[in-house]
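Read the structure below first, then the notes.
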Amino acid sequence: QVRLVESGGGLVHSGGSLRLACAASGSTRSINVMAWYRQAPGKQRELVASITSGGRTFYGDSVKGRSTISRDNAKNTVYLQLDSLKPEDTAVYYCNADEIPTMRLYWGQGTQVTVSS
């Protein structure tokens with residue numbers, strides 16, 4: 001079992017920055033990919049960025065060039081730096097992790113990011 005707890009969300013003005021963190025606990029040795037998703041009201045959940053245990057990253061088109069995902073394996077924590085935030089970035093941001101070899105997915109409870117214009 002893996003437990004994910006997000007932090008760092010909040011209210012920020014357009015153009016501002018936030019750094020989200022997701023701390024994993026439990027069977028952390030089984031974690032492979034960690035990722036951030038987001039879901040805005042009335043919209044489907046979408047992938048923001050992901051990072052493998054080896055540090056390979058992937059970014060969704062919506063935040064490419066404005067975000068950086070990083071991972072501290074010693075602390076079992078993944079970070080998402082969001083810069084140049086826009087009102088359309090307003091959403092609940094969820095942390096996700098997959099477990100090997102079961103490929104079971106775990107989700108955090110989410111953290112709200114609100115960007116005012």
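Here, A, B, ... name the chains of the structure tokens in the order displayed, residue numbers run from 1 inside each chain, and ligands are numbered from 1 in the same displayed order.
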
Lys64 of chain A environment, 12 Å, only C-alpha atoms, sequence neighbours closer than 5 positions dropped, as a PDB file with N, CA and C atoms, in the first residue's frame:
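Generated file (result_35.pdb):
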ATOM      1  N   LEU A  47      -3.335  14.711 -17.543  1.00  0.00           N
ATOM      2  CA  LEU A  47      -1.954  14.567 -17.086  1.00  0.00           C
ATOM      3  C   LEU A  47      -1.231  15.907 -17.215  1.00  0.00           C
ATOM      4  N   VAL A  48      -0.591  16.301 -16.135  1.00  0.00           N
ATOM      5  CA  VAL A  48       0.210  17.524 -16.148  1.00  0.00           C
ATOM      6  C   VAL A  48       1.665  17.169 -16.439  1.00  0.00           C
ATOM      7  N   ALA A  49       2.217  16.256 -15.651  1.00  0.00           N
ATOM      8  CA  ALA A  49       3.616  15.869 -15.830  1.00  0.00           C
ATOM      9  C   ALA A  49       3.856  14.560 -15.098  1.00  0.00           C
ATOM     10  N   SER A  50       4.864  13.828 -15.538  1.00  0.00           N
ATOM     11  CA  SER A  50       5.231  12.588 -14.870  1.00  0.00           C
ATOM     12  C   SER A  50       6.744  12.454 -14.826  1.00  0.00           C
ATOM     13  N   THR A  57      11.348  12.537 -17.551  1.00  0.00           N
ATOM     14  CA  THR A  57      10.154  13.352 -17.375  1.00  0.00           C
ATOM     15  C   THR A  57       9.322  13.438 -18.646  1.00  0.00           C
ATOM     16  N   PHE A  58       8.056  13.733 -18.435  1.00  0.00           N
ATOM     17  CA  PHE A  58       7.115  13.968 -19.537  1.00  0.00           C
ATOM     18  C   PHE A  58       6.187  15.082 -19.088  1.00  0.00           C
ATOM     19  N   TYR A  59       5.860  15.977 -20.027  1.00  0.00           N
ATOM     20  CA  TYR A  59       4.978  17.096 -19.711  1.00  0.00           C
ATOM     21  C   TYR A  59       3.791  17.112 -20.667  1.00  0.00           C
ATOM     22  N   ILE A  69       8.818  19.220 -13.142  1.00  0.00           N
ATOM     23  CA  ILE A  69       8.580  18.145 -12.189  1.00  0.00           C
ATOM     24  C   ILE A  69       9.930  17.605 -11.731  1.00  0.00           C
ATOM     25  N   GLN A  81       6.781  22.380  -9.875  1.00  0.00           N
ATOM     26  CA  GLN A  81       6.942  23.831  -9.884  1.00  0.00           C
ATOM     27  C   GLN A  81       6.096  24.388 -11.024  1.00  0.00           C
ATOM     28  N   LEU A  82       5.171  25.257 -10.706  1.00  0.00           N
ATOM     29  CA  LEU A  82       4.297  25.874 -11.692  1.00  0.00           C
ATOM     30  C   LEU A  82       4.621  27.353 -11.787  1.00  0.00           C
ATOM     31  N   ASP A  83       4.977  27.806 -12.958  1.00  0.00           N
ATOM     32  CA  ASP A  83       5.326  29.211 -13.186  1.00  0.00           C
ATOM     33  C   ASP A  83       4.399  29.824 -14.229  1.00  0.00           C
ATOM     34  N   SER A  84       4.401  31.156 -14.264  1.00  0.00           N
ATOM     35  CA  SER A  84       3.574  31.881 -15.241  1.00  0.00           C
ATOM     36  C   SER A  84       2.142  31.353 -15.248  1.00  0.00           C
ATOM     37  N   LEU A  85       1.593  31.219 -14.073  1.00  0.00           N
ATOM     38  CA  LEU A  85       0.269  30.628 -13.947  1.00  0.00           C
ATOM     39  C   LEU A  85      -0.798  31.492 -14.600  1.00  0.00           C
TER      40      LEU A  85
END

Legend entry - Residues within 8 Å of Asn76 of chain A, only C-alpha atoms, excluding chain neighbours under 2 positions, as a list in words: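 Close residues of Asn76 of chain A: Ala23, Ala24, Ser25, Thr28, Arg71, Asp72, Asn73, Ala74 and Val78 of chain A.
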
How would the residues just chosen look if you wrote them out with all heavy atoms as a PDB file, in the first residue's frame?
ATOM      1  N   ALA A  23       4.124  13.776  -0.939  1.00  0.00           N
ATOM      2  CA  ALA A  23       4.932  12.862  -0.139  1.00  0.00           C
ATOM      3  C   ALA A  23       4.304  11.485  -0.123  1.00  0.00           C
ATOM      4  O   ALA A  23       3.105  11.350   0.166  1.00  0.00           O
ATOM      5  CB  ALA A  23       5.065  13.399   1.277  1.00  0.00           C
ATOM      6  N   ALA A  24       5.100  10.491  -0.443  1.00  0.00           N
ATOM      7  CA  ALA A  24       4.630   9.109  -0.458  1.00  0.00           C
ATOM      8  C   ALA A  24       5.097   8.399   0.808  1.00  0.00           C
ATOM      9  O   ALA A  24       6.198   8.621   1.306  1.00  0.00           O
ATOM     10  CB  ALA A  24       5.154   8.380  -1.689  1.00  0.00           C
ATOM     11  N   SER A  25       4.245   7.520   1.301  1.00  0.00           N
ATOM     12  CA  SER A  25       4.606   6.700   2.450  1.00  0.00           C
ATOM     13  C   SER A  25       4.047   5.299   2.248  1.00  0.00           C
ATOM     14  O   SER A  25       3.205   5.077   1.379  1.00  0.00           O
ATOM     15  CB  SER A  25       4.066   7.308   3.751  1.00  0.00           C
ATOM     16  OG  SER A  25       2.659   7.407   3.712  1.00  0.00           O
ATOM     17  N   THR A  28       6.972   2.363  -0.465  1.00  0.00           N
ATOM     18  CA  THR A  28       7.527   3.298  -1.452  1.00  0.00           C
ATOM     19  C   THR A  28       8.551   2.652  -2.373  1.00  0.00           C
ATOM     20  O   THR A  28       8.776   3.145  -3.472  1.00  0.00           O
ATOM     21  CB  THR A  28       8.153   4.506  -0.752  1.00  0.00           C
ATOM     22  OG1 THR A  28       9.140   4.045   0.172  1.00  0.00           O
ATOM     23  CG2 THR A  28       7.100   5.320  -0.012  1.00  0.00           C
ATOM     24  N   ARG A  71      11.926  14.997  -8.469  1.00  0.00           N
ATOM     25  CA  ARG A  71      11.652  13.899  -7.534  1.00  0.00           C
ATOM     26  C   ARG A  71      12.854  13.714  -6.631  1.00  0.00           C
ATOM     27  O   ARG A  71      13.986  13.719  -7.100  1.00  0.00           O
ATOM     28  CB  ARG A  71      11.371  12.633  -8.336  1.00  0.00           C
ATOM     29  CG  ARG A  71      11.033  11.388  -7.571  1.00  0.00           C
ATOM     30  CD  ARG A  71      10.541  10.344  -8.566  1.00  0.00           C
ATOM     31  NE  ARG A  71      10.308   9.060  -7.936  1.00  0.00           N
ATOM     32  CZ  ARG A  71       9.716   8.040  -8.529  1.00  0.00           C
ATOM     33  NH1 ARG A  71       9.300   8.167  -9.777  1.00  0.00           N
ATOM     34  NH2 ARG A  71       9.538   6.910  -7.895  1.00  0.00           N
ATOM     35  N   ASP A  72      12.578  13.568  -5.352  1.00  0.00           N
ATOM     36  CA  ASP A  72      13.618  13.259  -4.366  1.00  0.00           C
ATOM     37  C   ASP A  72      13.325  11.855  -3.866  1.00  0.00           C
ATOM     38  O   ASP A  72      12.453  11.658  -3.004  1.00  0.00           O
ATOM     39  CB  ASP A  72      13.580  14.285  -3.232  1.00  0.00           C
ATOM     40  CG  ASP A  72      14.716  14.103  -2.246  1.00  0.00           C
ATOM     41  OD1 ASP A  72      15.227  12.974  -2.102  1.00  0.00           O
ATOM     42  OD2 ASP A  72      15.094  15.077  -1.593  1.00  0.00           O
ATOM     43  N   ASN A  73      14.024  10.890  -4.410  1.00  0.00           N
ATOM     44  CA  ASN A  73      13.756   9.499  -4.054  1.00  0.00           C
ATOM     45  C   ASN A  73      14.091   9.208  -2.589  1.00  0.00           C
ATOM     46  O   ASN A  73      13.452   8.357  -1.970  1.00  0.00           O
ATOM     47  CB  ASN A  73      14.536   8.560  -4.964  1.00  0.00           C
ATOM     48  CG  ASN A  73      13.989   8.546  -6.381  1.00  0.00           C
ATOM     49  OD1 ASN A  73      12.790   8.676  -6.603  1.00  0.00           O
ATOM     50  ND2 ASN A  73      14.865   8.390  -7.361  1.00  0.00           N
ATOM     51  N   ALA A  74      15.049   9.920  -2.039  1.00  0.00           N
ATOM     52  CA  ALA A  74      15.408   9.707  -0.637  1.00  0.00           C
ATOM     53  C   ALA A  74      14.275  10.137   0.293  1.00  0.00           C
ATOM     54  O   ALA A  74      14.074   9.552   1.355  1.00  0.00           O
ATOM     55  CB  ALA A  74      16.681  10.461  -0.295  1.00  0.00           C
ATOM     56  N   VAL A  78       7.661  13.936  -4.677  1.00  0.00           N
ATOM     57  CA  VAL A  78       7.707  14.507  -6.021  1.00  0.00           C
ATOM     58  C   VAL A  78       7.189  15.933  -5.938  1.00  0.00           C
ATOM     59  O   VAL A  78       6.274  16.239  -5.162  1.00  0.00           O
ATOM     60  CB  VAL A  78       6.881  13.667  -7.020  1.00  0.00           C
ATOM     61  CG1 VAL A  78       5.415  13.631  -6.653  1.00  0.00           C
ATOM     62  CG2 VAL A  78       7.082  14.158  -8.430  1.00  0.00           C
TER      63      VAL A  78
END

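Shortest separation to Ile31 of chain A among A:Leu18, A:Ala97, A:Leu4, A:Leu11 occurs at residue A:Ala97, atoms counted being only C-alpha atoms.
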
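One finds atom CA of Gln112 of chain A at 11.0 Å from atom CA of Val12 of chain A.
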
Inset, instruction - Please identify which residues in segment 3-98 of chain A DSSP calls helix (DSSP H, G or I) from the backbone, and express them as an MDAnalysis selection string. - result: chainID A and resid 28:30 87:89

Inset, instruction - Show which residues sit within 10 Å of Arg56 of chain A, as a list in words. Count only C-alpha atoms, and ignore same-chain residues fewer than 3 positions away. - result: Val33, Ser50, Ile51, Thr52, Ser53, Ile69 and Ser70 of chain A

Legend entry - DSSP-assigned strand (DSSP E) members of segment 5-111 of chain A, reported as a ChimeraX atom specification: /A:5-7,10-13,18-26,31-39,46-51,57-59,67-72,77-82,91-99,105-107,111
